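Structure record follows, encoded as structure tokens.
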Amino acid sequence: GAGVSQSPSNKVTEKGKDVELRCDPISGHTALYWYRQSLGQGLEFLIYFQGNSAPDKSGLPSDRFSAERTGGSVSTLTIQRTQQEDSAVYLCASSLVGVETEAFFGQGTRLTVV
Amino acid sequence: KNEVEQSPQNLTAQEGEFITINCSYSVGISALHWLQQHPGGGIVSLFMLSSGKKKHGRLIATINIQEKHSSLHITASHPRDSAVYICAVRGGSEKLVFGKGTKLTVNP
């Protein structure tokens, strides 16, 4: 596709349920990032994938959060046993690799845990 | 203290005014990004800088590496420029560290 695509665009889930968020990066972009933007807060790094390297998971807030990237392309972010504090907009971005490479963002998935 | 500080937090301007948004950071960086986020959440990358100055249309971004400071300028501002402008830096790792954003409102 022309840009980074995320689905669903909105998700309302009950506390305690698991959710999966999907990101389709720009074709050919080897770097993929997940960020989170809570209400009134700045963007927060969650996880970074680069090619076949081990992902940088240093931003994941708890072990309820996990992410995969299959075939170096599509990524899914899974949140298990969702809590109300997980409510946020989850943004995916992709880029080529290098110091001066631009990051392209998806429209985000707005997750509401009720 | 956040690694990336932006000022002002909120800015209201009249159409046509010259606008400056500032970003200071406390870590060594390889690149600095200016992003624009419109209501509805979509984020667009405006500039990526590692030195000097870049211009795109009415937007100008500058960076002073020694002073760890960057500015985003908007000339002849227009209501469609109303958005949140976010400064983000890339340090030793690939991940971006973000400022909290500056909410700009340009009134007609």
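Ligands are numbered from 1 in the order shown, residues from 1 within each chain, and chains are lettered A, B, ... in the order they appear in the structure tokens.
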Next item on the list: For chain B, list the residues within 7 Å of chain A, counting only C-alpha atoms, and write the list as a VMD selection string.
Entry: chain B and resid 30 to 31 41 to 45 48 95 98 to 101
Please write the residues from the selection above to a file, keeping N, CA, C and O atoms, as a PDB file, in the first residue's frame.
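Saved file selection-v5.pdb follows:
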ATOM      1  N   SER B  30      21.348  11.604  17.055  1.00  0.00           N
ATOM      2  CA  SER B  30      21.787  11.442  15.670  1.00  0.00           C
ATOM      3  C   SER B  30      20.860  12.183  14.719  1.00  0.00           C
ATOM      4  O   SER B  30      21.259  12.535  13.612  1.00  0.00           O
ATOM      5  N   ALA B  31      19.618  12.412  15.139  1.00  0.00           N
ATOM      6  CA  ALA B  31      18.667  13.133  14.299  1.00  0.00           C
ATOM      7  C   ALA B  31      17.525  13.662  15.152  1.00  0.00           C
ATOM      8  O   ALA B  31      17.215  13.115  16.219  1.00  0.00           O
ATOM      9  N   GLY B  41      -5.775  12.324  15.039  1.00  0.00           N
ATOM     10  CA  GLY B  41      -4.617  11.515  15.418  1.00  0.00           C
ATOM     11  C   GLY B  41      -3.560  11.254  14.390  1.00  0.00           C
ATOM     12  O   GLY B  41      -2.479  10.842  14.753  1.00  0.00           O
ATOM     13  N   GLY B  42      -3.822  11.476  13.087  1.00  0.00           N
ATOM     14  CA  GLY B  42      -2.820  11.144  12.085  1.00  0.00           C
ATOM     15  C   GLY B  42      -1.550  11.956  12.263  1.00  0.00           C
ATOM     16  O   GLY B  42      -1.598  13.152  12.536  1.00  0.00           O
ATOM     17  N   ILE B  43      -0.410  11.311  12.156  1.00  0.00           N
ATOM     18  CA  ILE B  43       0.880  11.981  12.334  1.00  0.00           C
ATOM     19  C   ILE B  43       1.607  12.027  11.004  1.00  0.00           C
ATOM     20  O   ILE B  43       1.714  11.020  10.296  1.00  0.00           O
ATOM     21  N   VAL B  44       2.125  13.218  10.706  1.00  0.00           N
ATOM     22  CA  VAL B  44       2.881  13.420   9.477  1.00  0.00           C
ATOM     23  C   VAL B  44       4.265  13.922   9.849  1.00  0.00           C
ATOM     24  O   VAL B  44       4.406  14.791  10.706  1.00  0.00           O
ATOM     25  N   SER B  45       5.279  13.372   9.217  1.00  0.00           N
ATOM     26  CA  SER B  45       6.632  13.837   9.450  1.00  0.00           C
ATOM     27  C   SER B  45       6.863  15.100   8.627  1.00  0.00           C
ATOM     28  O   SER B  45       6.651  15.114   7.423  1.00  0.00           O
ATOM     29  N   MET B  48      13.249  16.136   9.172  1.00  0.00           N
ATOM     30  CA  MET B  48      14.240  15.395   9.923  1.00  0.00           C
ATOM     31  C   MET B  48      15.558  16.125   9.749  1.00  0.00           C
ATOM     32  O   MET B  48      15.959  16.430   8.634  1.00  0.00           O
ATOM     33  N   LYS B  95      15.046   4.049  18.500  1.00  0.00           N
ATOM     34  CA  LYS B  95      13.735   4.532  18.912  1.00  0.00           C
ATOM     35  C   LYS B  95      13.741   6.051  19.044  1.00  0.00           C
ATOM     36  O   LYS B  95      14.764   6.673  19.328  1.00  0.00           O
ATOM     37  N   PHE B  98      10.023  11.397  22.405  1.00  0.00           N
ATOM     38  CA  PHE B  98       9.151  12.485  21.993  1.00  0.00           C
ATOM     39  C   PHE B  98       8.997  13.555  23.059  1.00  0.00           C
ATOM     40  O   PHE B  98       8.980  13.262  24.255  1.00  0.00           O
ATOM     41  N   GLY B  99       8.843  14.790  22.614  1.00  0.00           N
ATOM     42  CA  GLY B  99       8.346  15.832  23.484  1.00  0.00           C
ATOM     43  C   GLY B  99       6.851  15.682  23.647  1.00  0.00           C
ATOM     44  O   GLY B  99       6.218  14.855  22.973  1.00  0.00           O
ATOM     45  N   LYS B 100       6.282  16.468  24.557  1.00  0.00           N
ATOM     46  CA  LYS B 100       4.845  16.347  24.826  1.00  0.00           C
ATOM     47  C   LYS B 100       3.984  17.079  23.798  1.00  0.00           C
ATOM     48  O   LYS B 100       2.764  16.974  23.819  1.00  0.00           O
ATOM     49  N   GLY B 101       4.628  17.826  22.913  1.00  0.00           N
ATOM     50  CA  GLY B 101       3.880  18.480  21.851  1.00  0.00           C
ATOM     51  C   GLY B 101       3.497  19.905  22.182  1.00  0.00           C
ATOM     52  O   GLY B 101       3.397  20.296  23.346  1.00  0.00           O
TER      53      GLY B 101
END
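Here the DSSP assignment of strand (DSSP E), based on backbone atoms, applies within stretch 32-69 of chain B to Leu32, His33, Trp34, Leu35, Gln36, Gln37, Ile43, Val44, Ser45, Leu46, Phe47, Met48, Leu49, Gly52, Lys53, Lys54, Lys55, His56, Leu59, Ile60, Ala61, Thr62, Ile63, Asn64 and His69 of chain B.
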Export of prior selection with N, CA and C atoms as a PDB file, in the first residue's frame:
ATOM      1  N   LEU B  32      16.911  14.726  14.674  1.00  0.00           N
ATOM      2  CA  LEU B  32      15.740  15.313  15.331  1.00  0.00           C
ATOM      3  C   LEU B  32      14.622  15.412  14.304  1.00  0.00           C
ATOM      4  N   HIS B  33      13.432  15.051  14.741  1.00  0.00           N
ATOM      5  CA  HIS B  33      12.266  15.069  13.863  1.00  0.00           C
ATOM      6  C   HIS B  33      11.244  16.088  14.361  1.00  0.00           C
ATOM      7  N   TRP B  34      10.606  16.754  13.432  1.00  0.00           N
ATOM      8  CA  TRP B  34       9.415  17.541  13.740  1.00  0.00           C
ATOM      9  C   TRP B  34       8.231  16.836  13.086  1.00  0.00           C
ATOM     10  N   LEU B  35       7.191  16.589  13.890  1.00  0.00           N
ATOM     11  CA  LEU B  35       6.007  15.879  13.433  1.00  0.00           C
ATOM     12  C   LEU B  35       4.785  16.762  13.632  1.00  0.00           C
ATOM     13  N   GLN B  36       3.766  16.531  12.807  1.00  0.00           N
ATOM     14  CA  GLN B  36       2.513  17.263  12.925  1.00  0.00           C
ATOM     15  C   GLN B  36       1.386  16.263  13.143  1.00  0.00           C
ATOM     16  N   GLN B  37       0.581  16.514  14.164  1.00  0.00           N
ATOM     17  CA  GLN B  37      -0.536  15.622  14.460  1.00  0.00           C
ATOM     18  C   GLN B  37      -1.835  16.421  14.434  1.00  0.00           C
ATOM     19  N   ILE B  43      -0.410  11.311  12.156  1.00  0.00           N
ATOM     20  CA  ILE B  43       0.880  11.981  12.334  1.00  0.00           C
ATOM     21  C   ILE B  43       1.607  12.027  11.004  1.00  0.00           C
ATOM     22  N   VAL B  44       2.125  13.218  10.706  1.00  0.00           N
ATOM     23  CA  VAL B  44       2.881  13.420   9.477  1.00  0.00           C
ATOM     24  C   VAL B  44       4.265  13.922   9.849  1.00  0.00           C
ATOM     25  N   SER B  45       5.279  13.372   9.217  1.00  0.00           N
ATOM     26  CA  SER B  45       6.632  13.837   9.450  1.00  0.00           C
ATOM     27  C   SER B  45       6.863  15.100   8.627  1.00  0.00           C
ATOM     28  N   LEU B  46       7.279  16.179   9.292  1.00  0.00           N
ATOM     29  CA  LEU B  46       7.532  17.441   8.608  1.00  0.00           C
ATOM     30  C   LEU B  46       9.003  17.564   8.206  1.00  0.00           C
ATOM     31  N   PHE B  47       9.871  17.343   9.165  1.00  0.00           N
ATOM     32  CA  PHE B  47      11.306  17.498   8.926  1.00  0.00           C
ATOM     33  C   PHE B  47      12.078  16.456   9.716  1.00  0.00           C
ATOM     34  N   MET B  48      13.249  16.136   9.172  1.00  0.00           N
ATOM     35  CA  MET B  48      14.240  15.395   9.923  1.00  0.00           C
ATOM     36  C   MET B  48      15.558  16.125   9.749  1.00  0.00           C
ATOM     37  N   LEU B  49      16.201  16.450  10.881  1.00  0.00           N
ATOM     38  CA  LEU B  49      17.411  17.264  10.853  1.00  0.00           C
ATOM     39  C   LEU B  49      18.514  16.580  11.638  1.00  0.00           C
ATOM     40  N   GLY B  52      21.999  22.145  10.871  1.00  0.00           N
ATOM     41  CA  GLY B  52      21.628  23.247  10.002  1.00  0.00           C
ATOM     42  C   GLY B  52      20.156  23.590   9.976  1.00  0.00           C
ATOM     43  N   LYS B  53      19.654  23.733   8.771  1.00  0.00           N
ATOM     44  CA  LYS B  53      18.333  24.302   8.554  1.00  0.00           C
ATOM     45  C   LYS B  53      17.697  23.634   7.349  1.00  0.00           C
ATOM     46  N   LYS B  54      16.363  23.441   7.436  1.00  0.00           N
ATOM     47  CA  LYS B  54      15.616  22.943   6.288  1.00  0.00           C
ATOM     48  C   LYS B  54      14.365  23.777   6.119  1.00  0.00           C
ATOM     49  N   LYS B  55      13.939  23.916   4.866  1.00  0.00           N
ATOM     50  CA  LYS B  55      12.752  24.719   4.562  1.00  0.00           C
ATOM     51  C   LYS B  55      11.843  23.916   3.639  1.00  0.00           C
ATOM     52  N   HIS B  56      10.559  23.967   3.938  1.00  0.00           N
ATOM     53  CA  HIS B  56       9.574  23.338   3.064  1.00  0.00           C
ATOM     54  C   HIS B  56       8.328  24.210   3.053  1.00  0.00           C
ATOM     55  N   LEU B  59       7.215  26.387   6.102  1.00  0.00           N
ATOM     56  CA  LEU B  59       7.815  25.807   7.305  1.00  0.00           C
ATOM     57  C   LEU B  59       9.333  25.834   7.220  1.00  0.00           C
ATOM     58  N   ILE B  60       9.948  26.210   8.347  1.00  0.00           N
ATOM     59  CA  ILE B  60      11.406  26.223   8.439  1.00  0.00           C
ATOM     60  C   ILE B  60      11.785  25.542   9.751  1.00  0.00           C
ATOM     61  N   ALA B  61      12.762  24.659   9.703  1.00  0.00           N
ATOM     62  CA  ALA B  61      13.265  24.020  10.912  1.00  0.00           C
ATOM     63  C   ALA B  61      14.757  24.257  11.011  1.00  0.00           C
ATOM     64  N   THR B  62      15.199  24.582  12.207  1.00  0.00           N
ATOM     65  CA  THR B  62      16.620  24.791  12.459  1.00  0.00           C
ATOM     66  C   THR B  62      17.048  23.952  13.641  1.00  0.00           C
ATOM     67  N   ILE B  63      18.333  23.632  13.681  1.00  0.00           N
ATOM     68  CA  ILE B  63      18.867  22.898  14.815  1.00  0.00           C
ATOM     69  C   ILE B  63      20.251  23.415  15.151  1.00  0.00           C
ATOM     70  N   ASN B  64      20.523  23.560  16.449  1.00  0.00           N
ATOM     71  CA  ASN B  64      21.842  23.941  16.939  1.00  0.00           C
ATOM     72  C   ASN B  64      22.327  22.787  17.804  1.00  0.00           C
ATOM     73  N   HIS B  69      19.288  22.390  20.745  1.00  0.00           N
ATOM     74  CA  HIS B  69      18.052  23.150  20.594  1.00  0.00           C
ATOM     75  C   HIS B  69      17.638  23.175  19.133  1.00  0.00           C
TER      76      HIS B  69
END
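Compared by their closest atoms to A:Pro8, and using only C-alpha atoms, the residues A:Ser38, A:Thr76, A:Ser53, A:Ser66 rank with A:Thr76 nearest.
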Item checked: For A:Thr30: contacts at 10 Å, only C-alpha atoms, fewer than 2 positions along chain excluded, given as a PyMOL selection string -> chain A and resi 25-28+32+49-52+72-73+94-97
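Proximity to B:Ile74 was assessed for B:Arg58, B:Lys103, B:His38, B:Arg90 counting only C-alpha atoms; the smallest distance is recorded for B:Arg58.
Of the residues listed (A:Arg64, A:Gln83, A:Leu77, A:Ala88), A:Leu77 shows the shortest atom-to-atom separation from A:Ser7; distances use only C-alpha atoms.
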Check: Nearest to B:Phe18: which of B:Ser77, B:Ser82, B:Thr102, B:Gln66 is it, counting only C-alpha atoms?
Finding: B:Ser77
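In this structure, atom CA of B:Gly40 sits 15.2 Å away from atom CA of B:Thr105.
Of all the residues in chain A, the ones DSSP labels as helix (DSSP H, G or I) from the backbone are Thr70, Gly71, Gly72, Gln84, Glu85 and Asp86 of chain A.
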Could you save the residues just selected, with N, CA, C and O atoms, as a PDB file, in the first residue's frame?
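Just written: part.pdb:
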ATOM      1  N   THR A  70       5.859 -10.845  11.423  1.00  0.00           N
ATOM      2  CA  THR A  70       5.985 -12.057  10.618  1.00  0.00           C
ATOM      3  C   THR A  70       6.522 -11.728   9.231  1.00  0.00           C
ATOM      4  O   THR A  70       6.060 -10.782   8.581  1.00  0.00           O
ATOM      5  N   GLY A  71       7.504 -12.515   8.819  1.00  0.00           N
ATOM      6  CA  GLY A  71       8.040 -12.355   7.468  1.00  0.00           C
ATOM      7  C   GLY A  71       8.624 -10.990   7.203  1.00  0.00           C
ATOM      8  O   GLY A  71       8.742 -10.579   6.042  1.00  0.00           O
ATOM      9  N   GLY A  72       9.020 -10.295   8.258  1.00  0.00           N
ATOM     10  CA  GLY A  72       9.610  -8.974   8.071  1.00  0.00           C
ATOM     11  C   GLY A  72       8.644  -7.932   7.582  1.00  0.00           C
ATOM     12  O   GLY A  72       9.063  -6.849   7.154  1.00  0.00           O
ATOM     13  N   GLN A  84      -7.869  -0.902  32.273  1.00  0.00           N
ATOM     14  CA  GLN A  84      -8.349   0.409  31.851  1.00  0.00           C
ATOM     15  C   GLN A  84      -7.192   1.343  31.508  1.00  0.00           C
ATOM     16  O   GLN A  84      -7.318   2.181  30.609  1.00  0.00           O
ATOM     17  N   GLU A  85      -6.067   1.198  32.196  1.00  0.00           N
ATOM     18  CA  GLU A  85      -4.923   2.070  31.904  1.00  0.00           C
ATOM     19  C   GLU A  85      -4.274   1.772  30.557  1.00  0.00           C
ATOM     20  O   GLU A  85      -3.402   2.515  30.110  1.00  0.00           O
ATOM     21  N   ASP A  86      -4.718   0.673  29.897  1.00  0.00           N
ATOM     22  CA  ASP A  86      -4.215   0.379  28.561  1.00  0.00           C
ATOM     23  C   ASP A  86      -4.908   1.230  27.504  1.00  0.00           C
ATOM     24  O   ASP A  86      -4.482   1.255  26.341  1.00  0.00           O
TER      25      ASP A  86
END
Item checked: Residues near stretch 1-7 of chain B, cut-off 6 Å, only C-alpha atoms, skip fewer than 5 positions along chain, as a ChimeraX atom specification -> /B:22-26,99
